[in-house]
>>> print(open('model-v7.cif').read())   # mmCIF, C-alpha atoms
data_input
loop_
_atom_site.label_atom_id
_atom_site.label_comp_id
_atom_site.auth_asym_id
_atom_site.auth_seq_id
_atom_site.Cartn_x
_atom_site.Cartn_y
_atom_site.Cartn_z
CA MET U 12 -15.23 12.78 -6.32
CA VAL U 13 -14.46 16.47 -6.87
CA LEU U 14 -13.23 18.12 -3.68
CA SER U 15 -14.73 21.23 -2.08
CA ILE U 16 -11.92 22.77 -0.05
CA LEU U 17 -11.13 25.49 2.48
CA GLN U 18 -7.40 25.20 1.85
CA GLY U 19 -5.19 23.21 -0.50
CA ALA U 20 -3.16 20.11 0.23
CA ARG U 21 0.03 18.91 -1.41
CA ILE U 22 2.62 16.19 -0.93
CA LEU U 23 5.74 17.92 0.33
CA ALA U 24 8.22 15.03 0.60
CA THR U 25 8.57 11.25 0.54
CA GLY U 26 10.69 8.59 2.21
CA SER U 27 11.03 4.81 2.13
CA ALA U 28 12.75 1.91 3.83
CA VAL U 29 13.34 -1.74 3.00
CA PRO U 30 14.99 -4.51 5.04
CA ASP U 31 18.60 -5.53 4.32
CA LEU U 32 17.74 -9.18 3.66
CA CYS U 33 17.21 -9.76 -0.07
CA VAL U 34 15.63 -13.05 -1.16
CA ASN U 35 15.83 -13.83 -4.87
CA ASN U 36 13.86 -16.32 -6.91
CA GLU U 37 16.62 -18.91 -6.84
CA GLN U 38 16.40 -18.96 -3.05
CA ILE U 39 12.62 -19.29 -3.21
CA SER U 40 13.04 -22.26 -5.57
CA GLN U 41 14.95 -24.05 -2.82
CA MET U 42 11.87 -23.85 -0.59
CA VAL U 43 9.07 -24.67 -3.06
CA GLU U 44 8.86 -26.20 -6.52
CA THR U 45 9.38 -23.21 -8.78
CA SER U 46 12.07 -21.40 -10.79
CA ASP U 47 13.26 -17.89 -11.54
CA GLU U 48 11.78 -18.12 -15.04
CA TRP U 49 8.40 -19.32 -13.74
CA ILE U 50 8.12 -16.50 -11.23
CA VAL U 51 9.34 -13.72 -13.53
CA THR U 52 7.07 -14.83 -16.38
CA ARG U 53 3.96 -14.85 -14.20
CA THR U 54 4.64 -11.92 -11.87
CA GLY U 55 7.60 -9.83 -13.03
CA ILE U 56 9.24 -10.29 -9.61
CA LYS U 57 12.96 -11.13 -9.41
CA GLU U 58 13.59 -10.54 -5.70
CA ARG U 59 12.01 -9.21 -2.55
CA ARG U 60 13.13 -7.84 0.85
CA ILE U 61 12.30 -9.71 4.03
CA LEU U 62 12.40 -8.35 7.58
CA GLY U 63 14.65 -10.72 9.50
CA GLY U 64 15.86 -10.75 13.09
CA ARG U 65 13.91 -11.29 16.28
CA ASP U 66 14.02 -7.68 17.42
CA LYS U 67 12.97 -5.96 14.18
CA SER U 68 9.36 -4.95 13.58
CA ILE U 69 7.18 -2.94 11.23
CA VAL U 70 7.74 0.09 13.48
CA ASP U 71 11.45 0.08 12.63
CA LEU U 72 10.73 0.24 8.89
CA ALA U 73 7.96 2.82 9.31
CA SER U 74 10.20 5.00 11.50
CA GLU U 75 13.07 4.95 9.02
CA ALA U 76 10.80 5.91 6.11
CA SER U 77 9.12 8.65 8.19
CA ILE U 78 12.38 10.22 9.34
CA LYS U 79 13.64 10.36 5.76
CA ALA U 80 10.47 12.13 4.64
CA LEU U 81 10.58 14.58 7.53
CA GLN U 82 14.22 15.41 6.83
CA LYS U 83 13.54 16.03 3.13
CA ALA U 84 10.66 18.33 4.07
CA SER U 85 12.74 20.08 6.78
CA ILE U 86 9.89 19.51 9.24
CA ASN U 87 10.42 19.02 12.95
CA PRO U 88 8.54 15.92 14.22
CA LEU U 89 6.94 18.18 16.85
CA ASP U 90 5.21 20.05 14.02
CA VAL U 91 3.39 16.95 12.79
CA ASP U 92 -0.33 17.16 13.63
CA LEU U 93 -1.46 13.68 12.59
CA ILE U 94 0.07 10.31 11.76
CA ILE U 95 -1.84 7.75 9.68
CA LEU U 96 -0.21 4.33 9.49
CA ALA U 97 -1.74 2.17 6.74
CA THR U 98 -0.91 -1.44 7.54
CA SER U 99 -2.42 -4.91 7.77
CA SER U 100 0.51 -6.35 9.72
CA PRO U 101 0.95 -4.32 12.93
CA ASN U 102 3.22 -5.65 15.65
CA ASP U 103 0.30 -5.15 18.06
CA LEU U 104 -3.35 -5.89 17.24
CA PHE U 105 -4.29 -2.66 19.03
CA GLY U 106 -2.18 -0.82 16.45
CA SER U 107 1.37 0.36 15.76
CA ALA U 108 0.84 4.05 14.92
CA SER U 109 1.29 5.18 18.52
CA GLN U 110 4.62 3.34 18.67
CA LEU U 111 5.66 5.09 15.46
CA GLN U 112 4.69 8.43 16.98
CA ALA U 113 6.95 7.75 19.97
CA CYS U 114 9.85 6.45 17.87
CA ILE U 115 10.09 9.56 15.70
CA GLY U 116 9.44 12.01 18.53
CA ALA U 117 6.18 13.41 17.14
CA SER U 118 4.70 13.73 20.63
CA LYS U 119 2.11 16.37 19.64
CA ALA U 120 0.61 14.28 16.84
CA VAL U 121 -2.58 12.25 16.94
CA ALA U 122 -1.81 8.78 15.57
CA PHE U 123 -3.97 5.91 14.36
CA ASP U 124 -3.76 2.79 12.20
CA LEU U 125 -5.78 2.34 9.01
CA THR U 126 -6.39 -1.20 7.77
CA ALA U 127 -7.30 -1.64 4.11
CA ALA U 128 -4.53 -3.99 2.94
CA CYS U 129 -3.12 -3.08 -0.50
CA SER U 130 -5.54 -0.14 -0.80
CA GLY U 131 -4.47 1.21 2.57
CA PHE U 132 -2.11 3.92 1.38
CA VAL U 133 -4.67 5.34 -1.06
CA LEU U 134 -7.28 5.48 1.72
CA GLY U 135 -4.64 7.05 3.97
CA LEU U 136 -3.99 9.78 1.39
CA VAL U 137 -7.70 10.45 0.99
CA THR U 138 -8.19 10.61 4.76
CA ALA U 139 -5.25 12.99 5.21
CA THR U 140 -6.55 15.16 2.38
CA GLN U 141 -9.91 15.57 4.12
CA PHE U 142 -8.28 16.65 7.40
CA ILE U 143 -6.16 19.25 5.61
CA GLN U 144 -8.65 20.58 3.09
CA ASN U 145 -11.31 21.09 5.78
CA GLY U 146 -8.83 23.08 7.87
CA SER U 147 -8.38 20.62 10.77
CA TYR U 148 -4.63 19.98 10.40
CA ASN U 149 -1.64 21.44 8.56
CA ASN U 150 1.06 18.74 8.59
CA ILE U 151 0.21 15.06 8.23
CA LEU U 152 2.49 12.05 8.00
CA VAL U 153 0.98 9.17 6.00
CA VAL U 154 2.86 5.87 6.11
CA GLY U 155 2.20 2.65 4.23
CA ALA U 156 4.05 -0.27 5.79
CA ASP U 157 3.67 -4.03 5.80
CA VAL U 158 5.65 -7.10 6.81
CA LEU U 159 3.51 -9.79 5.23
CA SER U 160 6.44 -12.21 5.30
CA LYS U 161 5.26 -12.89 8.87
CA TRP U 162 1.89 -14.08 7.52
CA ILE U 163 2.98 -16.17 4.56
CA ASP U 164 2.83 -19.94 4.38
CA TRP U 165 6.33 -20.46 3.00
CA SER U 166 5.31 -23.87 1.64
CA ASP U 167 2.54 -22.31 -0.51
CA ARG U 168 3.98 -21.54 -3.95
CA SER U 169 1.00 -19.39 -4.92
CA THR U 170 1.71 -16.77 -2.24
CA CYS U 171 5.30 -17.10 -0.98
CA ILE U 172 6.71 -15.90 -4.32
CA LEU U 173 4.73 -12.65 -4.25
CA PHE U 174 5.21 -10.71 -1.06
CA GLY U 175 7.98 -8.57 0.40
CA ASP U 176 8.36 -6.19 3.33
CA ALA U 177 8.80 -2.40 3.13
CA ALA U 178 7.61 1.01 4.29
CA GLY U 179 6.94 4.26 2.46
CA ALA U 180 6.00 7.66 3.84
CA ILE U 181 4.80 11.03 2.64
CA ILE U 182 4.42 14.42 4.29
CA MET U 183 1.19 16.14 3.28
CA GLN U 184 0.96 19.85 4.04
CA ALA U 185 -1.65 22.56 3.82
CA CYS U 186 -1.16 25.17 1.10
CA LEU U 187 -3.03 27.90 -0.76
CA THR U 188 -6.02 26.63 -2.73
CA GLU U 189 -4.39 27.62 -6.03
CA GLU U 190 -1.42 25.37 -5.15
CA ASN U 191 -3.62 22.39 -4.27
CA GLY U 192 -2.15 19.15 -5.55
CA ILE U 193 -4.85 16.64 -4.54
CA LEU U 194 -7.43 16.87 -7.29
CA GLY U 195 -9.97 14.13 -6.56
CA PHE U 196 -10.60 10.53 -5.58
CA GLN U 197 -12.88 7.52 -6.09
CA LEU U 198 -13.23 4.61 -3.61
CA ASN U 199 -14.99 1.24 -3.61
CA THR U 200 -15.52 -1.86 -1.46
CA ASP U 201 -17.06 -5.27 -2.16
CA GLY U 202 -17.23 -7.19 1.10
CA LYS U 203 -19.03 -10.13 -0.50
CA LYS U 204 -15.71 -11.18 -2.04
CA ALA U 205 -13.56 -10.74 1.07
CA TYR U 206 -12.82 -14.47 1.16
CA GLN U 207 -10.81 -14.24 -2.07
CA LEU U 208 -7.87 -12.61 -0.29
CA SER U 209 -7.65 -12.84 3.48
CA ILE U 210 -5.78 -13.79 6.63
CA PRO U 211 -8.67 -15.61 8.35
CA TYR U 212 -9.14 -16.06 12.07
CA GLU U 213 -9.78 -19.70 12.98
CA LYS U 214 -11.42 -20.71 16.25
CA ASP U 215 -10.13 -23.70 18.19
CA ASN U 216 -12.70 -26.48 18.49
CA TYR U 217 -12.50 -26.85 22.25
CA ASN U 218 -14.01 -24.91 25.14
CA ILE U 219 -11.21 -23.52 27.32
CA THR U 220 -13.42 -23.50 30.44
CA ASN U 221 -14.42 -27.21 30.29
CA ASN U 222 -17.82 -25.97 31.41
CA ARG U 223 -20.84 -26.45 29.13
CA SER U 224 -22.67 -23.53 30.74
CA LEU U 225 -19.76 -21.18 29.99
CA GLU U 226 -18.42 -21.75 26.50
CA ILE U 227 -15.36 -19.68 25.57
CA PHE U 228 -13.49 -20.48 22.38
CA GLN U 229 -10.20 -18.89 21.42
CA GLY U 230 -8.16 -19.26 18.26
CA LYS U 231 -5.52 -17.68 16.05
CA PHE U 232 -4.99 -16.01 12.70
CA LYS U 233 -3.93 -18.25 9.83
CA HIS U 234 -1.72 -17.52 6.82
CA ILE U 235 -2.54 -15.47 3.72
CA ILE U 236 -5.13 -17.18 1.53
CA MET U 237 -5.56 -15.88 -2.01
CA ASN U 238 -7.52 -16.85 -5.10
CA GLY U 239 -5.02 -15.50 -7.61
CA LYS U 240 -7.16 -15.90 -10.72
CA GLU U 241 -10.13 -14.07 -9.19
CA ILE U 242 -7.96 -11.26 -7.81
CA TYR U 243 -6.42 -10.80 -11.26
CA LYS U 244 -9.85 -10.60 -12.91
CA PHE U 245 -11.08 -8.21 -10.22
CA ALA U 246 -8.10 -5.87 -10.61
CA ILE U 247 -8.09 -5.60 -14.40
CA SER U 248 -11.86 -5.09 -14.56
CA GLN U 249 -12.56 -2.76 -11.62
CA VAL U 250 -9.45 -0.58 -11.38
CA PRO U 251 -9.77 0.91 -14.90
CA ILE U 252 -13.42 1.74 -14.14
CA SER U 253 -12.39 3.49 -10.92
CA ILE U 254 -9.69 5.48 -12.72
CA LEU U 255 -12.00 6.56 -15.53
CA LYS U 256 -14.76 7.61 -13.10
CA CYS U 257 -12.25 9.74 -11.20
CA LEU U 258 -10.82 11.30 -14.36
CA ASN U 259 -14.28 11.99 -15.76
CA SER U 260 -15.30 13.81 -12.58
CA LEU U 261 -12.23 16.03 -13.00
CA ASN U 262 -12.67 16.51 -16.78
CA ILE U 263 -9.24 14.99 -17.37
CA LEU U 264 -8.61 12.69 -20.34
CA PRO U 265 -6.44 9.55 -19.98
CA GLU U 266 -4.02 10.96 -22.55
CA GLU U 267 -3.40 13.94 -20.26
CA ILE U 268 -1.99 11.67 -17.55
CA ASP U 269 1.78 11.81 -17.13
CA TRP U 270 2.22 8.84 -14.79
CA LEU U 271 0.24 5.76 -13.74
CA LEU U 272 1.21 4.58 -10.25
CA LEU U 273 -0.60 1.38 -9.32
CA HIS U 274 -0.30 -0.95 -6.37
CA GLN U 275 2.65 -3.17 -7.27
CA ALA U 276 0.86 -6.51 -7.27
CA ASN U 277 1.83 -8.19 -10.52
CA GLU U 278 3.47 -6.94 -13.70
CA ARG U 279 0.74 -8.44 -15.88
CA ILE U 280 -1.91 -6.54 -13.90
CA LEU U 281 -0.07 -3.23 -14.30
CA HIS U 282 0.19 -3.59 -18.08
CA ALA U 283 -3.38 -4.88 -18.47
CA ILE U 284 -4.76 -1.84 -16.64
CA ALA U 285 -2.63 0.56 -18.69
CA ASN U 286 -3.78 -1.18 -21.87
CA LYS U 287 -7.47 -0.79 -20.90
CA LEU U 288 -6.83 2.93 -20.42
CA SER U 289 -5.01 3.10 -23.80
CA MET U 290 -1.95 4.39 -21.95
CA ASN U 291 1.60 3.76 -23.10
CA SER U 292 3.46 1.35 -20.82
CA ASN U 293 6.31 3.85 -20.47
CA LYS U 294 3.98 5.90 -18.24
CA ILE U 295 3.80 3.08 -15.67
CA ILE U 296 5.84 3.65 -12.51
CA SER U 297 7.06 0.25 -11.34
CA ASN U 298 9.74 -1.26 -9.11
CA LEU U 299 7.94 -4.57 -8.61
CA ASN U 300 10.89 -6.59 -9.92
CA LYS U 301 13.06 -5.55 -6.95
CA TYR U 302 10.60 -5.63 -4.07
CA GLY U 303 7.60 -7.80 -4.95
CA ASN U 304 4.17 -7.00 -3.55
CA THR U 305 4.73 -4.91 -0.41
CA SER U 306 1.01 -4.29 0.16
CA ALA U 307 0.32 -0.84 1.67
CA ALA U 308 3.98 0.13 1.19
CA SER U 309 4.11 -0.50 -2.55
CA ILE U 310 2.76 2.85 -3.80
CA PRO U 311 4.79 5.19 -1.54
CA LEU U 312 7.90 3.04 -2.08
CA ALA U 313 7.56 3.34 -5.87
CA LEU U 314 6.73 7.06 -5.62
CA ASP U 315 9.81 7.76 -3.51
CA GLU U 316 12.04 5.87 -5.96
CA ALA U 317 10.54 7.67 -8.98
CA LEU U 318 11.22 11.03 -7.34
CA TYR U 319 14.77 9.99 -6.45
CA ASN U 320 15.33 9.10 -10.12
CA LYS U 321 13.87 12.50 -11.13
CA LYS U 322 11.11 10.99 -13.27
CA ILE U 323 8.35 13.21 -11.91
CA LYS U 324 8.37 16.90 -12.81
CA LEU U 325 6.52 19.96 -11.54
CA ASN U 326 2.80 19.91 -12.45
CA ASP U 327 2.89 16.31 -13.68
CA ILE U 328 -0.49 14.61 -13.26
CA ILE U 329 -0.25 11.24 -11.51
CA VAL U 330 -3.04 8.69 -11.25
CA ILE U 331 -2.59 6.53 -8.15
CA SER U 332 -4.69 3.39 -7.65
CA GLY U 333 -4.66 0.75 -4.94
CA PHE U 334 -6.55 -2.54 -4.92
CA GLY U 335 -6.64 -5.70 -2.86
CA ALA U 336 -8.11 -7.45 0.15
CA GLY U 337 -11.54 -6.43 1.34
CA LEU U 338 -12.07 -6.37 -1.53
CA THR U 339 -11.19 -2.68 -1.68
CA TRP U 340 -9.98 -0.44 -4.48
CA GLY U 341 -9.66 3.24 -5.14
CA THR U 342 -8.05 6.03 -7.11
CA ILE U 343 -6.61 9.41 -6.20
CA VAL U 344 -5.42 11.92 -8.80
CA ILE U 345 -2.68 14.35 -7.89
CA LYS U 346 -0.78 17.16 -9.56
CA TRP U 347 2.84 17.26 -8.43
CA LYS U 348 3.53 20.62 -6.80
CA CYS U 349 7.06 20.29 -5.35
#
>>> encode(input="model-v7.cif", output="C-alpha cells")
Amino acid sequence: MVLSILQGARILATGSAVPDLCVNNEQISQMVETSDEWIVTRTGIKERRILGGRDKSIVDLASEASIKALQKASINPLDVDLIILATSSPNDLFGSASQLQACIGASKAVAFDLTAACSGFVLGLVTATQFIQNGSYNNILVVGADVLSKWIDWSDRSTCILFGDAAGAIIMQACLTEENGILGFQLNTDGKKAYQLSIPYEKDNYNITNNRSLEIFQGKFKHIIMNGKEIYKFAISQVPISILKCLNSLNILPEEIDWLLLHQANERILHAIANKLSMNSNKIISNLNKYGNTSAASIPLALDEALYNKKIKLNDIIVISGFGAGLTWGTIVIKWKC
C-alpha cells in the first residue's frame, strides 16, 4: 500500500535486550533426543536466551530495550506520545504495555498491547506509522517482546529447540515529508489456518458449580502447538508474494533492495525467501544462530544489532517482513534516514 501522508515518519533509534541465561544445543540435547548437529542443520540455531528467575518478566526486558532506544534518541520518556507493545506472552492477560509505560516513566503516553505473534512488530510499525503520518502523534515507542519459553513444552523436540526470549524497541518520530522513511506496507491474514501454530485454550470437562441449571466451565492455556512443515510451506510461498506486491506498489525492483530483514524463524526459510526474490544471501540480516526464534522481538533485535555493527547506511532500502501465528504475515519497506 502506498501511503498518503500529512507528515513523514522515520525510525530515530533502536534498542534491544536479552536475558543473561544462555542455553546451547548441547544443553537442549540433555532434555530431549536431539543433537547440536541436528538442530543447526534444520534451523541454523546454535543457542538461545531464556528468561530465568521468579521475579523477572517480559516487562523487564521491554523496559531495558526501551530505555536504550530512548537514550540513543536523546528523548525524555515524558515526550513519548504512544507506546505499542507487540507481544503474545504478556505477564497479564489484560496487557503489559501499561506496566511498561510506568516502568520507563512515560506517564504522558497512551499505551496498548498488540497481539499478532511473529508478525506483531511489523503490525506495530504500520500502526505507529499511521498515527504519525496522519498527524496524531509525534513520538512513538514500538516494542516487540516475547518470552515464549514460558509457553513451551520442554519435552517436545519440535518446538523446544526453536524459541528464545528477547525484546527490541524503536523510536519512531514525525519528520518533514521529504525525509519520510516509511515507504509502504502490505498485510495479510488467513484465520482458516490458525490451528497450524497456536497456544490453544482448553476447557476443563467439569462444571465448577455442580449445578446442571448453571453450567460454568473454566480451563487454561496449553503449550505451543506447531505444524512445522505447513508453517515452512506457508512462509516460503506467501512472504515472497507479500514482498513483491509491496515493492511493485512502490515501483521498487528487488535488485534495488539493500537489506532483507525477515522474522528470524528458521535459517532455511530466510534463504528460501531470498532465493525466490533472486536476492543474494549476503543481503539477509540474521542473528538467528545466537537467539533462536524470539517471535515479535526477532526483527527489532536483529535491526538493533545490524545498526550496532554499522551494516546499515544512510538511505539504504530495507524490506522487513514478519510471518507466523494467525496465520498473519506482512511487509513494510523503509528507507533508513538516520
>>> residues_around(input="model-v7.cif", residues="segment 252-259 of chain U", least_positions_apart="6", cutoff="7 Å", atoms="only C-alpha atoms", output="ChimeraX atom specification")
/U:12,195-197,341-342
>>> atom_distance(input="model-v7.cif", atom1="atom CA of Arg168 of chain U", atom2="atom CA of Glu48 of chain U")
14.0 Å
>>> atom_distance(input="model-v7.cif", atom1="atom CA of Thr188 of chain U", atom2="atom CA of Leu318 of chain U")
23.7 Å
>>> resolve_selection(input="model-v7.cif", expression="the PyMOL selection byres ((chain U and resi 233) around 8)", output="count of residues only")
9
>>> resolve_selection(input="model-v7.cif", expression="the PyMOL selection byres ((chain U and resi 98-105) around 7)", output="number ranges by chain")
U: 68-69, 96-97, 106-107, 124-128, 131, 155-159, 307
>>> resolve_selection(input="model-v7.cif", expression="the PyMOL selection byres ((chain U and resi 303) around 7)", output="PDB file with C-alpha atoms, keeping the file's coordinate frame")
ATOM      1  CA  ILE U  56       9.240 -10.290  -9.610  1.00  0.00           C
ATOM      2  CA  GLU U  58      13.590 -10.540  -5.700  1.00  0.00           C
ATOM      3  CA  ARG U  59      12.010  -9.210  -2.550  1.00  0.00           C
ATOM      4  CA  LEU U 173       4.730 -12.650  -4.250  1.00  0.00           C
ATOM      5  CA  PHE U 174       5.210 -10.710  -1.060  1.00  0.00           C
ATOM      6  CA  GLY U 175       7.980  -8.570   0.400  1.00  0.00           C
ATOM      7  CA  LEU U 299       7.940  -4.570  -8.610  1.00  0.00           C
ATOM      8  CA  ASN U 300      10.890  -6.590  -9.920  1.00  0.00           C
ATOM      9  CA  LYS U 301      13.060  -5.550  -6.950  1.00  0.00           C
ATOM     10  CA  TYR U 302      10.600  -5.630  -4.070  1.00  0.00           C
ATOM     11  CA  ASN U 304       4.170  -7.000  -3.550  1.00  0.00           C
ATOM     12  CA  THR U 305       4.730  -4.910  -0.410  1.00  0.00           C
TER      13      THR U 305
END
>>> atom_distance(input="model-v7.cif", atom1="atom CA of Pro251 of chain U", atom2="atom CA of Trp49 of chain U")
27.2 Å
>>> closest_atom_pairs(input="model-v7.cif", of="segment 100-197 of chain U", to="segment 76-95 of chain U", cutoff="12 Å", atoms="all atoms listed in the file", output="tab-separated table")
residue	atom	partner	partner_atom	distance
U:Gly106	CA	U:Ile95	CA	10.9
U:Ser107	CA	U:Ile95	CA	10.1
U:Ala108	CA	U:Ile95	CA	7.0
U:Ser109	CA	U:Ile94	CA	8.6
U:Gln110	CA	U:Ile94	CA	10.8
U:Leu111	CA	U:Ile94	CA	8.5
U:Gln112	CA	U:Ile94	CA	7.2
U:Ala113	CA	U:Pro88	CA	10.1
U:Cys114	CA	U:Ile78	CA	9.7
U:Ile115	CA	U:Pro88	CA	6.7
U:Gly116	CA	U:Pro88	CA	5.9
U:Ala117	CA	U:Pro88	CA	4.5
U:Ser118	CA	U:Leu89	CA	6.3
U:Lys119	CA	U:Leu89	CA	5.9
U:Ala120	CA	U:Asp92	CA	4.4
U:Val121	CA	U:Leu93	CA	4.7
U:Ala122	CA	U:Ile94	CA	4.5
U:Phe123	CA	U:Ile95	CA	5.5
U:Asp124	CA	U:Ile95	CA	5.9
U:Leu125	CA	U:Ile95	CA	6.7
U:Thr126	CA	U:Ile95	CA	10.2
U:Gly131	CA	U:Ile95	CA	10.0
U:Phe132	CA	U:Ile95	CA	9.1
U:Val133	CA	U:Ile95	CA	11.4
U:Leu134	CA	U:Ile95	CA	9.9
U:Gly135	CA	U:Ile95	CA	6.4
U:Leu136	CA	U:Ile95	CA	8.8
U:Val137	CA	U:Ile95	CA	10.8
U:Thr138	CA	U:Ile95	CA	8.5
U:Ala139	CA	U:Ile95	CA	7.7
U:Thr140	CA	U:Ile95	CA	11.4
U:Phe142	CA	U:Leu93	CA	9.1
U:Ile143	CA	U:Leu93	CA	10.1
U:Gly146	CA	U:Asp92	CA	11.9
U:Ser147	CA	U:Asp92	CA	9.2
U:Tyr148	CA	U:Asp92	CA	6.1
U:Asn149	CA	U:Asp92	CA	6.8
U:Asn150	CA	U:Val91	CA	5.1
U:Ile151	CA	U:Leu93	CA	4.9
U:Leu152	CA	U:Ile94	CA	4.8
U:Val153	CA	U:Ile95	CA	4.8
U:Val154	CA	U:Ile95	CA	6.2
U:Gly155	CA	U:Ile95	CA	8.5
U:Ala156	CA	U:Ala76	CA	9.2
U:Ala177	CA	U:Ala76	CA	9.1
U:Ala178	CA	U:Ala76	CA	6.1
U:Gly179	CA	U:Ala76	CA	5.6
U:Ala180	CA	U:Ser77	CA	5.4
U:Ile181	CA	U:Ala80	CA	6.1
U:Ile182	CA	U:Ala80	CA	6.5
U:Met183	CA	U:Ala84	CA	9.8
U:Gln184	CA	U:Val91	CA	9.5
U:Ala185	CA	U:Asp92	CA	11.3
